[in-house]
Amino acid sequence: MGFQQAIAVCFSKYAVFEGRARRSEYWWFFLFNILMHGATGLLDVAIFGGGSGGLLNGLYSLAVLLPGIGVGVRRLHDTDHSGWWLLISLVPLVGFILLIIWLARPGDAGPNRFGPAPTATGA
């Protein structure tokens, strides 16, 4: 899955928390968010100056909150973990490291309890 396709899938599944997501879908969307946060941060400074409090950046963060959670949940489903495991990132350091490991590892090759493999369905 390419960059544009991954972004399109994530936004088309805006608040979908079931099913599975490929690694490429998750990590391309992650990269897109980093780039957009940089761009909105620069626009904040250019338009409002340094004292704006990041208005555009905050609005962008709100706009991608649900798609980001959705793709994270679907990515965890691909590794046969419940989406509730996203909350482990709230545990300082250890939770974040464990979550990164789960998000980076390959998904289950065949169907699991969350559905068929995303490569088999073309998603």
# chains A, B, ... in the order shown; residues from 1 in each chain; ligands from 1
>>> select_by_dssp(residues="chain A", states="alpha helix (DSSP H)", output="PyMOL selection string")
chain A and resi 3-12+23-48+55-63+65-78+94-104+118-121
>>> atom_distance(atom1="atom CA of Val94 of chain A", atom2="atom CA of Phe32 of chain A")
25.4 Å
>>> residues_around(residues="Pro111 of chain A", least_positions_apart="5", cutoff="12 Å", atoms="only C-alpha atoms", output="number ranges by chain")
A: 19-20, 77-80, 116-121
>>> write_last_selection(atoms="N, CA, C and O atoms", output="mmCIF file, in the first residue's frame")
data_model
loop_
_atom_site.group_PDB
_atom_site.id
_atom_site.type_symbol
_atom_site.label_atom_id
_atom_site.label_comp_id
_atom_site.auth_asym_id
_atom_site.auth_seq_id
_atom_site.Cartn_x
_atom_site.Cartn_y
_atom_site.Cartn_z
ATOM 1 N N GLY A 19 -11.961 -4.717 12.204
ATOM 2 C CA GLY A 19 -11.185 -5.147 11.060
ATOM 3 C C GLY A 19 -9.701 -5.034 11.349
ATOM 4 O O GLY A 19 -9.277 -4.884 12.492
ATOM 5 N N ARG A 20 -8.918 -5.104 10.295
ATOM 6 C CA ARG A 20 -7.469 -5.123 10.430
ATOM 7 C C ARG A 20 -6.829 -4.129 9.467
ATOM 8 O O ARG A 20 -7.406 -3.794 8.442
ATOM 9 N N HIS A 77 -5.396 -5.072 15.917
ATOM 10 C CA HIS A 77 -6.187 -6.242 15.541
ATOM 11 C C HIS A 77 -5.413 -7.137 14.587
ATOM 12 O O HIS A 77 -5.527 -8.359 14.651
ATOM 13 N N ASP A 78 -4.626 -6.550 13.702
ATOM 14 C CA ASP A 78 -3.848 -7.334 12.752
ATOM 15 C C ASP A 78 -2.806 -8.193 13.460
ATOM 16 O O ASP A 78 -2.421 -9.247 12.967
ATOM 17 N N THR A 79 -2.354 -7.752 14.629
ATOM 18 C CA THR A 79 -1.392 -8.531 15.412
ATOM 19 C C THR A 79 -2.088 -9.349 16.493
ATOM 20 O O THR A 79 -1.451 -9.834 17.419
ATOM 21 N N ASP A 80 -3.410 -9.485 16.374
ATOM 22 C CA ASP A 80 -4.243 -10.278 17.288
ATOM 23 C C ASP A 80 -4.255 -9.738 18.715
ATOM 24 O O ASP A 80 -4.226 -10.488 19.680
ATOM 25 N N PRO A 116 -10.358 -11.468 8.379
ATOM 26 C CA PRO A 116 -9.355 -11.976 7.442
ATOM 27 C C PRO A 116 -8.158 -11.025 7.347
ATOM 28 O O PRO A 116 -8.247 -9.850 7.695
ATOM 29 N N ALA A 117 -7.059 -11.562 6.866
ATOM 30 C CA ALA A 117 -5.852 -10.742 6.700
ATOM 31 C C ALA A 117 -6.135 -9.618 5.709
ATOM 32 O O ALA A 117 -6.805 -9.831 4.693
ATOM 33 N N PRO A 118 -5.648 -8.400 5.973
ATOM 34 C CA PRO A 118 -5.928 -7.287 5.055
ATOM 35 C C PRO A 118 -5.342 -7.497 3.675
ATOM 36 O O PRO A 118 -5.861 -6.973 2.698
ATOM 37 N N THR A 119 -4.278 -8.267 3.543
ATOM 38 C CA THR A 119 -3.714 -8.531 2.219
ATOM 39 C C THR A 119 -4.636 -9.441 1.402
ATOM 40 O O THR A 119 -4.694 -9.319 0.192
ATOM 41 N N ALA A 120 -5.377 -10.316 2.073
ATOM 42 C CA ALA A 120 -6.283 -11.220 1.380
ATOM 43 C C ALA A 120 -7.525 -10.489 0.860
ATOM 44 O O ALA A 120 -8.090 -10.845 -0.156
ATOM 45 N N THR A 121 -7.946 -9.438 1.563
ATOM 46 C CA THR A 121 -9.156 -8.718 1.185
ATOM 47 C C THR A 121 -8.862 -7.548 0.269
ATOM 48 O O THR A 121 -9.776 -6.921 -0.234
#
>>> residues_around(residues="segment 7-17 of chain A", least_positions_apart="4", cutoff="7 Å", atoms="only C-alpha atoms", output="compact mmCIF listing (two decimals) with C-alpha atoms, in the first residue's frame")
# COMPACT_ATOMS: atom_id res chain seq x y z
CA PHE A 3 1.36 6.69 0.78
CA PHE A 29 -0.63 7.55 8.14
CA LEU A 66 -10.61 9.45 15.36
CA PRO A 67 -8.83 8.24 12.20
CA GLY A 70 -9.13 3.82 14.33
CA VAL A 71 -6.04 2.85 12.35
CA VAL A 73 -6.97 -0.22 16.76
CA ARG A 74 -7.12 -1.95 13.38
>>> closest_residue(among="A:Leu62, A:Ala39, A:Val91, A:Leu76", to="Phe114 of chain A", atoms="only C-alpha atoms")
A:Leu76
>>> closest_residue(among="A:Gly107, A:Arg22, A:Trp84, A:Leu35", to="Gln5 of chain A", atoms="only C-alpha atoms")
A:Arg22
>>> residues_around(residues="Trp102 of chain A", least_positions_apart="3", cutoff="9 Å", atoms="only C-alpha atoms", output="VMD selection string")
chain A and resid 75 to 76 79 81 97 to 99 105 to 106
>>> write_last_selection(atoms="N, CA, C and O atoms", output="JSON list (two decimals), in the first residue's frame")
[["chain", "number", "residue", "atom", "x", "y", "z"],
["A", 75, "ARG", "N", -4.69, -1.78, 13.46],
["A", 75, "ARG", "CA", -3.32, -2.32, 13.38],
["A", 75, "ARG", "C", -3.09, -3.32, 14.51],
["A", 75, "ARG", "O", -2.49, -4.38, 14.30],
["A", 76, "LEU", "N", -3.56, -3.01, 15.70],
["A", 76, "LEU", "CA", -3.43, -3.97, 16.81],
["A", 76, "LEU", "C", -4.24, -5.23, 16.54],
["A", 76, "LEU", "O", -3.81, -6.33, 16.87],
["A", 79, "THR", "N", -2.35, -7.75, 14.63],
["A", 79, "THR", "CA", -1.39, -8.53, 15.41],
["A", 79, "THR", "C", -2.09, -9.35, 16.49],
["A", 79, "THR", "O", -1.45, -9.83, 17.42],
["A", 81, "HIS", "N", -4.28, -8.42, 18.84],
["A", 81, "HIS", "CA", -4.42, -7.76, 20.14],
["A", 81, "HIS", "C", -5.69, -6.92, 20.13],
["A", 81, "HIS", "O", -6.06, -6.37, 19.09],
["A", 97, "ILE", "N", 6.94, 1.61, 24.65],
["A", 97, "ILE", "CA", 7.86, 0.69, 23.96],
["A", 97, "ILE", "C", 7.12, -0.57, 23.53],
["A", 97, "ILE", "O", 7.27, -1.03, 22.39],
["A", 98, "LEU", "N", 6.32, -1.14, 24.41],
["A", 98, "LEU", "CA", 5.56, -2.35, 24.08],
["A", 98, "LEU", "C", 4.60, -2.08, 22.93],
["A", 98, "LEU", "O", 4.49, -2.90, 22.00],
["A", 99, "LEU", "N", 3.93, -0.94, 22.94],
["A", 99, "LEU", "CA", 3.00, -0.61, 21.87],
["A", 99, "LEU", "C", 3.72, -0.46, 20.53],
["A", 99, "LEU", "O", 3.25, -0.97, 19.51],
["A", 105, "ARG", "N", 5.50, -5.04, 14.38],
["A", 105, "ARG", "CA", 5.67, -6.44, 13.97],
["A", 105, "ARG", "C", 4.67, -6.82, 12.89],
["A", 105, "ARG", "O", 3.62, -6.19, 12.74],
["A", 106, "PRO", "N", 5.01, -7.84, 12.10],
["A", 106, "PRO", "CA", 4.09, -8.27, 11.04],
["A", 106, "PRO", "C", 2.77, -8.77, 11.62],
["A", 106, "PRO", "O", 2.74, -9.33, 12.72]]
>>> atom_distance(atom1="atom CA of Leu90 of chain A", atom2="atom CA of Ala104 of chain A")
18.3 Å
>>> closest_residue(among="A:Thr40, A:Gly95, A:Ala21, A:Asn57", to="Ile69 of chain A", atoms="only C-alpha atoms")
A:Ala21
>>> decode(residues="segment 6-116 of chain A", atoms="C-alpha atoms", output="short mmCIF file (atom, residue, chain, number, x, y, z; two decimals), in the first residue's frame")
data_model
loop_
_atom_site.label_atom_id
_atom_site.label_comp_id
_atom_site.auth_asym_id
_atom_site.auth_seq_id
_atom_site.Cartn_x
_atom_site.Cartn_y
_atom_site.Cartn_z
CA ALA A 6 -2.96 4.61 2.96
CA ILE A 7 -4.10 8.15 3.69
CA ALA A 8 -7.25 7.66 1.61
CA VAL A 9 -8.08 4.40 3.41
CA CYS A 10 -7.54 5.94 6.84
CA PHE A 11 -9.83 8.87 6.08
CA SER A 12 -12.44 6.69 4.37
CA LYS A 13 -12.53 4.54 7.51
CA TYR A 14 -12.75 7.69 9.65
CA ALA A 15 -14.20 6.06 12.76
CA VAL A 16 -13.97 2.33 11.95
CA PHE A 17 -12.60 0.37 14.88
CA GLU A 18 -13.15 -3.14 13.55
CA GLY A 19 -11.19 -5.15 11.06
CA ARG A 20 -7.47 -5.12 10.43
CA ALA A 21 -4.90 -2.70 8.99
CA ARG A 22 -1.60 -3.44 7.28
CA ARG A 23 1.65 -2.14 8.69
CA SER A 24 2.07 0.13 5.68
CA GLU A 25 -1.37 1.67 6.22
CA TYR A 26 -0.54 2.55 9.83
CA TRP A 27 3.00 3.82 9.30
CA TRP A 28 2.18 5.89 6.19
CA PHE A 29 -0.63 7.55 8.14
CA PHE A 30 1.80 8.09 11.04
CA LEU A 31 4.29 9.80 8.67
CA PHE A 32 1.49 11.89 7.15
CA ASN A 33 0.53 13.12 10.63
CA ILE A 34 4.12 14.05 11.50
CA LEU A 35 4.45 16.02 8.25
CA MET A 36 1.10 17.74 8.73
CA HIS A 37 1.89 18.66 12.34
CA GLY A 38 5.12 20.25 11.11
CA ALA A 39 3.28 22.14 8.37
CA THR A 40 0.48 23.36 10.65
CA GLY A 41 3.06 24.37 13.25
CA LEU A 42 4.91 26.46 10.66
CA LEU A 43 1.63 27.99 9.48
CA ASP A 44 0.74 28.85 13.07
CA VAL A 45 3.99 30.74 13.48
CA ALA A 46 3.73 32.41 10.06
CA ILE A 47 0.11 33.52 10.46
CA PHE A 48 -0.32 34.11 14.18
CA GLY A 49 3.24 34.55 15.40
CA GLY A 50 4.76 32.64 18.29
CA GLY A 51 1.98 33.37 20.80
CA SER A 52 -0.93 31.64 19.06
CA GLY A 53 -0.79 28.52 21.20
CA GLY A 54 -0.84 26.37 18.07
CA LEU A 55 -4.40 26.98 16.91
CA LEU A 56 -4.08 25.32 13.48
CA ASN A 57 -2.03 22.49 14.93
CA GLY A 58 -4.68 21.90 17.58
CA LEU A 59 -7.49 21.92 15.02
CA TYR A 60 -5.58 19.44 12.84
CA SER A 61 -5.01 17.20 15.86
CA LEU A 62 -8.74 17.16 16.58
CA ALA A 63 -9.52 16.39 12.92
CA VAL A 64 -7.28 13.31 12.85
CA LEU A 65 -7.99 12.03 16.37
CA LEU A 66 -10.61 9.45 15.36
CA PRO A 67 -8.83 8.24 12.20
CA GLY A 68 -5.61 7.89 14.19
CA ILE A 69 -7.27 5.86 16.94
CA GLY A 70 -9.13 3.82 14.33
CA VAL A 71 -6.04 2.85 12.35
CA GLY A 72 -4.19 2.10 15.60
CA VAL A 73 -6.97 -0.22 16.76
CA ARG A 74 -7.12 -1.95 13.38
CA ARG A 75 -3.32 -2.32 13.38
CA LEU A 76 -3.43 -3.97 16.81
CA HIS A 77 -6.19 -6.24 15.54
CA ASP A 78 -3.85 -7.33 12.75
CA THR A 79 -1.39 -8.53 15.41
CA ASP A 80 -4.24 -10.28 17.29
CA HIS A 81 -4.42 -7.76 20.14
CA SER A 82 -7.49 -5.94 21.39
CA GLY A 83 -7.71 -2.27 20.47
CA TRP A 84 -7.93 -1.46 24.16
CA TRP A 85 -4.17 -2.14 24.31
CA LEU A 86 -3.68 1.36 22.83
CA LEU A 87 -4.22 2.56 26.40
CA ILE A 88 -0.98 0.86 27.47
CA SER A 89 0.79 3.90 26.01
CA LEU A 90 -0.37 5.74 29.13
CA VAL A 91 2.08 3.65 31.19
CA PRO A 92 5.31 5.67 31.21
CA LEU A 93 8.10 4.37 28.94
CA VAL A 94 7.34 0.62 29.16
CA GLY A 95 3.84 0.96 27.71
CA PHE A 96 5.02 3.10 24.82
CA ILE A 97 7.86 0.69 23.96
CA LEU A 98 5.56 -2.35 24.08
CA LEU A 99 3.00 -0.61 21.87
CA ILE A 100 5.66 0.33 19.28
CA ILE A 101 6.82 -3.30 19.18
CA TRP A 102 3.27 -4.54 18.57
CA LEU A 103 2.58 -1.91 15.91
CA ALA A 104 5.85 -2.65 14.08
CA ARG A 105 5.67 -6.44 13.97
CA PRO A 106 4.09 -8.27 11.04
CA GLY A 107 0.41 -9.08 11.29
CA ASP A 108 -1.02 -12.58 11.42
CA ALA A 109 -0.68 -14.30 8.05
CA GLY A 110 -4.16 -15.79 8.00
CA PRO A 111 -7.47 -14.90 9.53
CA ASN A 112 -7.60 -14.19 13.25
CA ARG A 113 -10.41 -13.34 15.67
CA PHE A 114 -10.69 -9.84 14.16
CA GLY A 115 -11.21 -10.93 10.57
CA PRO A 116 -9.36 -11.98 7.44
#
